[in-house]
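As stored in run21.cif (mmCIF, C-alpha atoms):
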data_start
loop_
_atom_site.label_atom_id
_atom_site.label_comp_id
_atom_site.auth_asym_id
_atom_site.auth_seq_id
_atom_site.Cartn_x
_atom_site.Cartn_y
_atom_site.Cartn_z
CA MET A 26 56.10 91.59 -44.13
CA PHE A 27 57.09 90.21 -47.54
CA ALA A 28 56.85 93.71 -49.00
CA HIS A 29 59.41 94.90 -46.43
CA ILE A 30 61.73 92.00 -47.26
CA ARG A 31 61.55 92.81 -50.98
CA GLU A 32 62.28 96.44 -50.19
CA ASP A 33 65.29 95.45 -48.07
CA ILE A 34 66.64 93.28 -50.89
CA ARG A 35 66.22 96.11 -53.42
CA SER A 36 68.10 98.45 -51.09
CA VAL A 37 71.08 96.06 -51.18
CA PHE A 38 71.26 96.36 -54.98
CA HIS A 39 71.19 100.16 -54.70
CA ARG A 40 74.19 100.24 -52.35
CA ASP A 41 76.32 97.20 -53.14
CA PRO A 42 77.60 96.69 -56.70
CA ALA A 43 78.69 93.15 -55.76
CA ALA A 44 75.07 92.00 -55.42
CA ARG A 45 74.10 89.82 -58.40
CA ASN A 46 70.60 88.48 -57.78
CA SER A 47 67.90 88.45 -55.11
CA PHE A 48 68.32 84.77 -54.24
CA GLU A 49 72.03 85.26 -53.54
CA VAL A 50 71.35 88.34 -51.41
CA LEU A 51 68.69 86.55 -49.37
CA LEU A 52 70.95 83.56 -48.70
CA THR A 53 74.40 85.10 -48.20
CA TYR A 54 74.14 88.66 -46.85
CA PRO A 55 74.61 88.67 -43.04
CA GLY A 56 73.51 92.31 -42.78
CA LEU A 57 70.13 91.40 -44.25
CA HIS A 58 69.86 88.33 -42.00
CA ALA A 59 70.62 90.46 -38.93
CA LEU A 60 67.93 92.95 -39.94
CA LEU A 61 65.31 90.23 -40.41
CA PHE A 62 66.17 88.65 -37.06
CA HIS A 63 65.98 92.08 -35.43
CA ARG A 64 62.53 92.76 -36.81
CA LEU A 65 61.34 89.52 -35.22
CA ALA A 66 63.11 90.25 -31.92
CA HIS A 67 61.87 93.84 -31.83
CA GLY A 68 58.28 92.67 -32.32
CA CYS A 69 58.65 90.31 -29.35
CA TRP A 70 60.26 93.09 -27.29
CA LYS A 71 57.36 95.48 -27.89
CA VAL A 72 54.72 92.95 -26.73
CA GLY A 73 56.63 92.14 -23.55
CA LEU A 74 58.31 88.86 -24.59
CA LYS A 75 61.70 90.27 -23.65
CA LEU A 76 63.49 87.02 -22.84
CA LEU A 77 62.47 85.55 -26.19
CA ALA A 78 63.56 88.78 -27.88
CA ARG A 79 66.99 88.55 -26.25
CA LEU A 80 67.34 84.90 -27.24
CA ILE A 81 66.56 85.75 -30.87
CA SER A 82 69.05 88.62 -30.71
CA ALA A 83 71.74 86.35 -29.24
CA PHE A 84 71.14 83.73 -31.93
CA SER A 85 71.36 86.44 -34.60
CA ARG A 86 74.67 87.62 -33.19
CA TRP A 87 76.03 84.09 -33.27
CA MET A 88 74.88 83.57 -36.85
CA THR A 89 75.80 86.96 -38.37
CA GLY A 90 78.43 88.67 -36.22
CA VAL A 91 76.05 91.63 -35.86
CA GLU A 92 74.71 92.55 -32.42
CA ILE A 93 71.48 94.57 -32.40
CA HIS A 94 69.63 95.00 -29.13
CA PRO A 95 65.95 94.10 -29.63
CA GLY A 96 64.93 97.46 -28.14
CA ALA A 97 66.65 99.45 -30.90
CA THR A 98 64.37 101.20 -33.42
CA ILE A 99 65.31 100.80 -37.09
CA GLY A 100 63.65 102.40 -40.10
CA ARG A 101 63.13 101.18 -43.64
CA ARG A 102 65.76 100.19 -46.21
CA PHE A 103 68.47 99.85 -43.57
CA PHE A 104 71.68 98.32 -44.95
CA ILE A 105 74.67 96.85 -43.12
CA ASP A 106 77.51 96.16 -45.56
CA HIS A 107 79.70 93.13 -44.67
CA GLY A 108 78.13 93.11 -41.20
CA MET A 109 80.86 91.69 -38.97
CA GLY A 110 81.41 93.58 -35.73
CA VAL A 111 78.46 95.98 -35.92
CA VAL A 112 76.96 96.78 -32.49
CA ILE A 113 73.70 98.73 -32.03
CA GLY A 114 72.56 99.59 -28.51
CA GLU A 115 69.14 99.39 -26.89
CA THR A 116 68.01 103.01 -27.20
CA ALA A 117 69.50 103.65 -30.65
CA GLU A 118 67.09 105.10 -33.21
CA ILE A 119 67.85 104.73 -36.91
CA GLY A 120 65.94 106.46 -39.71
CA ASP A 121 65.24 105.34 -43.27
CA ASP A 122 67.92 104.60 -45.91
CA VAL A 123 70.77 104.43 -43.40
CA THR A 124 73.99 102.57 -44.26
CA LEU A 125 76.48 101.12 -41.76
CA TYR A 126 79.73 99.43 -42.74
CA HIS A 127 81.51 96.70 -40.77
CA GLY A 128 82.84 97.42 -37.30
CA VAL A 129 80.45 100.30 -36.55
CA THR A 130 79.36 100.83 -32.95
CA LEU A 131 76.28 102.83 -31.96
CA GLY A 132 77.05 102.75 -28.26
CA GLY A 133 76.35 104.42 -24.95
CA THR A 134 78.54 106.45 -22.63
CA THR A 135 76.70 105.90 -19.33
CA TRP A 136 75.32 103.06 -17.24
CA ASN A 137 72.22 105.08 -16.33
CA LYS A 138 68.89 104.02 -17.76
CA GLY A 139 67.08 106.15 -20.31
CA LYS A 140 68.19 107.43 -23.70
CA ARG A 141 71.92 106.65 -23.95
CA HIS A 142 72.51 105.67 -27.59
CA PRO A 143 72.62 107.72 -30.81
CA THR A 144 69.82 108.80 -33.13
CA LEU A 145 70.61 108.62 -36.86
CA GLY A 146 68.52 110.62 -39.31
CA ASP A 147 67.46 109.49 -42.77
CA GLY A 148 70.20 108.73 -45.29
CA VAL A 149 73.10 108.69 -42.83
CA VAL A 150 76.26 106.78 -43.86
CA VAL A 151 78.67 105.54 -41.17
CA GLY A 152 82.05 104.31 -42.40
CA ALA A 153 83.87 101.13 -41.37
CA GLY A 154 85.09 101.00 -37.78
CA ALA A 155 83.45 104.27 -36.72
CA LYS A 156 82.14 104.71 -33.17
CA VAL A 157 79.10 106.91 -32.56
CA LEU A 158 78.66 107.23 -28.81
CA GLY A 159 76.07 108.68 -26.48
CA PRO A 160 72.56 110.16 -26.89
CA ILE A 161 73.61 112.36 -29.80
CA THR A 162 71.90 113.04 -33.12
CA LEU A 163 73.37 112.63 -36.59
CA GLY A 164 71.34 114.81 -38.92
CA ALA A 165 69.77 113.53 -42.12
CA GLY A 166 72.24 112.94 -44.93
CA SER A 167 75.31 113.24 -42.72
CA LYS A 168 78.37 110.99 -43.13
CA VAL A 169 80.89 109.60 -40.66
CA GLY A 170 84.33 108.72 -42.00
CA SER A 171 85.92 105.33 -41.30
CA ASN A 172 87.37 104.85 -37.78
CA SER A 173 86.04 108.21 -36.55
CA VAL A 174 84.81 108.60 -32.98
CA VAL A 175 81.75 110.85 -32.75
CA THR A 176 80.46 112.10 -29.39
CA ARG A 177 78.66 115.32 -30.42
CA ASP A 178 75.64 116.15 -32.57
CA VAL A 179 76.26 116.35 -36.31
CA PRO A 180 74.29 118.81 -38.51
CA GLU A 181 72.30 117.65 -41.51
CA GLY A 182 74.41 116.94 -44.58
CA ALA A 183 77.72 117.38 -42.73
CA THR A 184 80.68 115.01 -42.77
CA VAL A 185 82.60 114.01 -39.64
CA VAL A 186 86.15 112.62 -39.58
CA GLY A 187 88.85 112.00 -37.01
CA ILE A 188 89.26 111.21 -33.32
CA PRO A 189 87.48 112.97 -31.78
CA GLY A 190 85.18 113.51 -34.75
CA ARG A 191 85.16 116.98 -36.23
CA VAL A 192 82.70 118.39 -38.73
CA ILE A 193 84.13 119.14 -42.16
CA ARG A 194 82.68 122.21 -43.86
CA GLN A 195 80.14 121.84 -46.63
CA PRO A 196 81.00 122.73 -50.25
CA GLU A 197 80.85 126.50 -50.67
CA THR A 198 82.42 127.33 -54.02
CA ASP A 199 81.04 126.44 -57.46
CA LYS A 200 84.11 124.26 -58.02
CA GLU A 201 83.50 122.27 -54.83
CA ARG A 202 79.82 121.82 -55.66
CA ALA A 203 80.68 120.64 -59.17
CA ARG A 204 83.20 118.19 -57.72
CA GLU A 205 80.61 116.78 -55.33
CA GLU A 206 78.07 116.36 -58.12
CA MET A 207 80.62 114.51 -60.26
CA ALA A 208 81.51 112.27 -57.30
CA LYS A 209 77.84 111.39 -56.87
CA LYS A 210 77.54 110.74 -60.62
CA ILE A 211 80.23 108.04 -60.53
CA GLY A 212 79.16 106.62 -57.18
CA PHE A 213 82.24 107.73 -55.18
CA GLU A 214 81.01 107.70 -51.60
CA ALA A 215 82.55 104.52 -50.28
CA TYR A 216 82.78 104.03 -46.52
CA GLY A 217 81.62 107.57 -45.75
CA MET A 218 84.85 108.96 -47.17
CA ALA A 219 84.79 112.75 -47.28
CA SER A 220 85.98 114.75 -50.26
CA ASP A 221 87.90 117.06 -47.89
CA MET A 222 89.97 114.36 -46.18
CA PRO A 223 93.70 115.20 -46.12
CA ASP A 224 94.60 112.06 -48.05
CA PRO A 225 96.87 111.98 -51.11
CA VAL A 226 94.65 109.47 -52.90
CA ALA A 227 91.59 111.62 -52.23
CA GLN A 228 93.47 114.69 -53.48
CA ALA A 229 94.39 112.87 -56.69
CA ILE A 230 90.75 111.89 -57.16
CA HIS A 231 89.79 115.55 -56.62
CA LEU A 232 91.93 116.52 -59.59
CA LEU A 233 90.40 113.78 -61.71
CA LEU A 234 86.89 114.92 -60.77
CA ASP A 235 87.76 118.52 -61.64
CA HIS A 236 89.16 117.41 -64.99
CA MET A 237 86.12 115.24 -65.74
CA HIS A 238 83.79 118.13 -64.96
CA ALA A 239 85.76 120.45 -67.26
CA VAL A 240 85.68 117.86 -70.06
CA ASP A 241 81.93 117.32 -69.57
CA THR A 242 81.30 121.05 -69.78
CA LYS A 243 83.42 121.49 -72.91
CA ILE A 244 81.81 118.52 -74.69
CA ASP A 245 78.33 119.84 -73.87
CA ARG A 246 79.22 123.23 -75.40
CA MET A 247 80.75 121.68 -78.50
CA CYS A 248 77.74 119.42 -79.04
CA GLN A 249 75.37 122.34 -78.62
CA SER A 250 77.30 124.34 -81.22
CA LEU A 251 77.24 121.42 -83.67
CA SER A 252 73.55 120.88 -83.04
CA ASP A 253 72.86 124.57 -83.74
CA GLN A 254 74.49 124.07 -87.17
CA GLY A 255 72.39 120.99 -87.93
CA ILE A 256 75.15 118.46 -87.32
CA ARG A 257 73.78 115.43 -85.43
CA SER A 258 77.08 113.65 -84.66
CA CYS A 259 76.62 114.24 -80.91
CA ASP A 260 73.36 112.33 -80.71
CA GLU A 261 75.18 109.12 -79.83
CA LYS A 262 75.14 108.50 -76.08
CA LEU A 263 78.35 108.12 -74.08
CA PRO A 264 79.14 104.73 -72.47
CA GLN A 265 77.30 104.13 -69.20
CA LEU A 266 79.32 104.38 -65.98
CA ASN A 267 78.86 101.28 -63.82
CA ASP A 268 79.46 100.94 -60.06
CA GLU A 269 81.75 97.94 -60.54
CA ASP A 270 84.11 100.11 -62.58
CA PHE A 271 84.97 101.92 -59.35
CA ASP A 272 85.61 98.94 -57.07
CA THR A 273 89.26 99.94 -56.71
CA VAL A 274 88.26 103.40 -55.52
CA ARG A 275 85.87 101.83 -53.00
CA GLN A 276 88.67 99.60 -51.67
CA GLU A 277 90.79 102.70 -51.04
CA GLY A 278 88.01 103.87 -48.71
CA GLU A 279 88.63 100.88 -46.43
#

Before anything else, please render the file you have as structure tokens.
Amino acid sequence: MFAHIREDIRSVFHRDPAARNSFEVLLTYPGLHALLFHRLAHGCWKVGLKLLARLISAFSRWMTGVEIHPGATIGRRFFIDHGMGVVIGETAEIGDDVTLYHGVTLGGTTWNKGKRHPTLGDGVVVGAGAKVLGPITLGAGSKVGSNSVVTRDVPEGATVVGIPGRVIRQPETDKERAREEMAKKIGFEAYGMASDMPDPVAQAIHLLLDHMHAVDTKIDRMCQSLSDQGIRSCDEKLPQLNDEDFDTVRQEGE
């Protein structure tokens, strides 16, 4: 149990640059509190103590603003950022390393019993305010943009935006792949924001990413040429890029 808690705390540091230390995370992160309460409620649910499970779930909702049905199945290193307004239904299934932002709903579209809530594969990111509805499957590594409404299956690695949600094509050209790699390098993936979104800010960032990639490539070639001539002036490492340096970009994703 304690190993799982430590793992959950480490996952917060991997996905939230605002996290400063483990003690602060344990005391002040409602998403982590909701997850710990859910693990307790889910254990009670599985052994037949369903009223107790629902009471724990209700208390968790009151304390954290996150509503997770005790019947929902959640994998490892699950992270809810901010927490408020997240709703996860009874038959939802969530894989490992999944991230949900505030206001996300994993809901049902029918009153019939049986599987009626979504299944999220490993590494899925769901942006703030998004609604994923019905017994659909979001493939591993897929992303849902903020405020999207998704009612159909999403392929692995795809990005969905809009109402109703539509799948945005995957990078096909070398330029698009290079742009995506540079975006990952600087940590630009806030709120499930897609690189193809028709947004002027995103388009401006595209140009910056293209320029940064071109500069990186040119510097690498220059350093290699100098190294071939025995000049070691390129041995000095470049300054490290930190997540907090891109907080403004992350706020644009909201």

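If you measure from each of A:Arg64, A:Lys140, A:Arg191, A:Lys156 to Gly100 (chain A) using all atoms listed in the file, the closest one turns out to be A:Arg64.
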
Contact residues around Ala78 (chain A) with only C-alpha atoms at 10 Å, ignoring same-chain residues under 4 positions, as a PyMOL selection string: chain A and resi 62-74+82-84+94-96

Within 8 Å of file point (71.5, 110.4, -45.8), counting only C-alpha atoms, expressed as an MDAnalysis selection string: chainID A and resid 122:123 146:150 165:168 182

Using the chain letters and numbers from the file, which residues does the PyMOL selection byres ((chain A and resi 178) around 8) grab, as a ChimeraX atom specification? /A:161-164,176-177,179-180

Just to be explicit: take each residue in the selection above, keep C-alpha atoms, and write the result as a compact mmCIF listing (two decimals), in the frame of the given file.
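Below is the file that was written, result_22.txt:
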# COMPACT_ATOMS: atom_id res chain seq x y z
CA ILE A 161 73.61 112.36 -29.80
CA THR A 162 71.90 113.04 -33.12
CA LEU A 163 73.37 112.63 -36.59
CA GLY A 164 71.34 114.81 -38.92
CA THR A 176 80.46 112.10 -29.39
CA ARG A 177 78.66 115.32 -30.42
CA VAL A 179 76.26 116.35 -36.31
CA PRO A 180 74.29 118.81 -38.51

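Note on the selection: in this file the PyMOL selection byres ((chain A and resi 31-35) around 9) comes out as Met26, Phe27, Ala28, His29, Ile30, Ser36, Val37, Phe38, His39, Ser47, Val50, Leu51, Leu57, Leu60, Arg101, Arg102, Phe103 and Phe104 of chain A.
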
For the atom pair CA of His58 (chain A) and CA of Ser85 (chain A), what is the interatomic distance in Å to one decimal place?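 That distance, rounded to one decimal, is 7.8 Å.
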
Under the rule that all atoms listed in the file are counted, which of A:Gly255, A:Gly159, A:Gly56, A:Gly152 is the nearest residue to Gly114 (chain A)? A:Gly159

Could you tell me how far CA of Val186 (chain A) sits from CA of Asp235 (chain A), in Å to one decimal place? 22.9 Å

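The space separating CA of Asn137 (chain A) from CA of Glu115 (chain A) comes to 12.4 Å.
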
Quick check on the file I pasted: which residues fall under the PyMOL selection byres ((chain A and resi 142) around 7)? Write them as a list of chain:residue names.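 Applied to this file, the PyMOL selection byres ((chain A and resi 142) around 7) returns A:Gly114, A:Thr116, A:Ala117, A:Leu131, A:Gly132, A:Gly133, A:Lys140, A:Arg141, A:Pro143, A:Thr144, A:Leu158, A:Gly159, A:Pro160.
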
Would you mind telling me which residue in A:Lys138, A:Gly90, A:Leu61, A:Thr130 lies nearest to Ser171 (chain A) when using all atoms listed in the file? A:Thr130

Out of A:His236, A:Arg86, A:Lys262, A:His127, which residue has the shortest atom-to-atom distance to His107 (chain A) when counting all atoms listed in the file?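 Of A:His236, A:Arg86, A:Lys262, A:His127, the one nearest His107 (chain A), counting all atoms listed in the file, is A:His127.
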
Within 10 Å of (86.1, 114.2, -35.3) in the file's own coordinates, which protein, DNA or RNA residues have an atom, counting all atoms listed in the file? List them as a tab-separated table (two decimals) with C-alpha atoms, keeping the file's coordinate frame.
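The new file part08.tsv reads:
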chain	number	residue	atom	x	y	z
A	169	VAL	CA	80.89	109.60	-40.66
A	170	GLY	CA	84.33	108.72	-42.00
A	172	ASN	CA	87.37	104.85	-37.78
A	173	SER	CA	86.04	108.21	-36.55
A	174	VAL	CA	84.81	108.60	-32.98
A	175	VAL	CA	81.75	110.85	-32.75
A	176	THR	CA	80.46	112.10	-29.39
A	177	ARG	CA	78.66	115.32	-30.42
A	184	THR	CA	80.68	115.01	-42.77
A	185	VAL	CA	82.60	114.01	-39.64
A	186	VAL	CA	86.15	112.62	-39.58
A	187	GLY	CA	88.85	112.00	-37.01
A	188	ILE	CA	89.26	111.21	-33.32
A	189	PRO	CA	87.48	112.97	-31.78
A	190	GLY	CA	85.18	113.51	-34.75
A	191	ARG	CA	85.16	116.98	-36.23
A	192	VAL	CA	82.70	118.39	-38.73
A	193	ILE	CA	84.13	119.14	-42.16

Of the residues A:Met88, A:Pro42, A:Ile81, A:Gly120, which is the one nearest to Asp106 (chain A), using only C-alpha atoms? A:Pro42

Could you give me the centre and size, in Å to one decimal, of an axis-aligned box around all listed atoms of region 41-51 of chain A with 6 Å added on every side, as JSON?
{"center_x": 73.3, "center_y": 91.0, "center_z": -53.9, "size_x": 22.8, "size_y": 24.4, "size_z": 21.0}
